[in-house]
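A.B. asks: Take a look at this one; I'll ask things after.
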Amino acid sequence: MIFNFFISSDAFFKADHEVTLIACLLFMGAILYTLSKARRGADLYIRSIPGLDAVNEAIGRATEMGKPILYCPGLSSAADVATLASLNILGRVAQRVANYESRLIVPHRDPIVMTVAKETLKDAYLQAGKPEILNEEDNFFITEDQFGYTAAVNGIMVRERPATVFLQGMFFAESLLLAETGNSIGAIQIAGTDAVHQLPFFVASCDYTLIGEELYAAGAYLSKAPDLMSSLKAADLIKGILWVLIVIGLVLTFVGNASIFEVFGK
Amino acid sequence: MKTKLPVTIAFLTGLFMAFAYFVERDNVAWVRILYEELNQNNIVLAVFVLFLGVGTLLIRHAKKIRDKNSDSIYSWVVIVSTLAVAYIGLFQTTGESIGANENFQWIFNNFQVPLSATMFSLLAFFVASAAYRAFRARNTEATLLLIAAAIVMIGRVPIGSVISDSLSLTGSFSLPAIAEWILDIPNTAAKRAITIGIGLGMTATAIKIIFGIERTYMGSGK
């Protein structure tokens, strides 16, 4: 009776989401396993990511030149995971900027992202022990219009001439407009996005590009916190399982058995 | 408390949204209602925060004017145009839809559209300069990229077929077929590898946020 109160007689779970559900639970299990290993002090090796290794050098260069650093958190909303990953990177970058006592300009397209970034920046400067040098006016909203925002950020680049430009998050057709303007002013550019179609533009115009998953790994990589690094090891574990499944799929396809596609087609 | 409450809200909301993704919402009324409510609240929150955003924009430019900044003429443009469009949109709209407001539509069609189109059209020039840099054959990888790009570009236009015919390249060895092969096999393989990585990265980030392992984005609450 109680059960029927919440659920009608029809299906409760979506039948075509079974494999996704199992995969999510498996991934969660992998993260919890690597997290417990990390907390026990296991060594978590992560390959070097040149774009992130260059962050300190890029901020140091801007400080030496007495020029500001521009951080663009992408054009998507806070509901986008890429934007949250970008805000995590912003926190790590801002902490380093605060240590160097440089100026950080963060223009926004989404007012919610601006509000979240305000807290991120406050915390980063506090962690660095220099909350008094944070200029909250440098974290500002421009417009929600895509090309209006692009024009404004390009204008800031040309007028303020930042020595370092970070383009991290979700970008659309404006990616090349931003990256080429940054390139034209001679700034060191570190880009990162999970928008596959914008990656070639960033690779062509920026000094370093974080490709896809590297954007999500950046926060953990820069912090070196074991809790955060554990998720990278969990992703590697799942990649290993995927490798095995791909090989099984290949072998089965060669022998004319397509049953694996029926299972994973769900 | 300042940290625990947002983490708890993120945990409960994130867990519910993940749960709602797997549930037949049409069959389970309470999940459907709560799911729709949460999405509605998101829109309401966005409206409130938009005022905050526009407020910071106006204050920033007002300060530039007060400080007699050399670029303050542009700040005047921003303030006057923002207030004018807001006035026309809010106080001159009589019908239910802003689409019926002729003055607002005139501003949109004669300012917004051409300005956006101008910015977008700049892309053509930037593509040319970026392509020049990317396709310079400085090393083996860049040379391979140049050759692949040249084959794909020529193979995707009618002249590709003409060149293939004149060189008696037929079937799988014609330029359009090679271009198609490059796009379908190595290009798709690389894109799928990136997509799998992105999927895992997104899921890992979402799980870390739901369980409060990653909380840089919300600050420490101090």
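Quick note on naming: the chains in the structure tokens go A, B, ... in the order shown, residues restart at 1 in each chain, and ligands are numbered from 1 in order of appearance.
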Using only C-alpha atoms and a distance of at most 8 Å, pull out the residues of chain B that contact chain A, as a VMD selection string.
C.D. replies: chain B and resid 22 to 24 27 to 30 46 49 to 50 52 to 54 56 to 57 60 115 to 116 119 to 120 122 to 123 126 to 127 130 to 131 133 to 134 191 194 to 195 197 to 208 213 to 222
A.B. asks: Contacts of stretch 135-149 of chain B at 10 Å or less, counting only C-alpha atoms, minus same-chain residues fewer than 3 places along, as a ChimeraX atom specification?
C.D. replies: /A:204 /B:130-132,152-155,178-179,182-183
A.B. asks: As a PyMOL selection string, please: every residue in stretch 15-232 of chain A that a backbone DSSP assignment puts in helix (DSSP H, G or I).
C.D. replies: chain A and resi 15-39+50-65+81-100+111-127+131-133+136-138+146-160+175-184+196-205+213-223+226-232
A.B. asks: Can you work out which one of B:Pro176, B:Asp71, B:Thr170, B:Ala100 has the shortest atom-to-atom distance to A:Ile156, counting only C-alpha atoms?
C.D. replies: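 With only C-alpha atoms as the atom set, the closest residue is B:Asp71.
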A.B. asks: If I take atom CA of A:Thr209 and atom CA of A:Gly51, how far is one from the other in Å, to one decimal?
C.D. replies: 6.2 Å
A.B. asks: Can you tell me how far atom CA of A:Gly29 sits from atom CA of A:Ile241, in Å to one decimal?
C.D. replies: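 One can read the atom CA of A:Gly29 to atom CA of A:Ile241 distance as 13.4 Å.
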A.B. asks: I'd like to know which of B:Ser97, B:Ile88, B:Val78, B:Ile151 is closest to B:Ser164, using only C-alpha atoms.
C.D. replies: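 Of B:Ser97, B:Ile88, B:Val78, B:Ile151, the one nearest B:Ser164 is B:Ile151, counting only C-alpha atoms.
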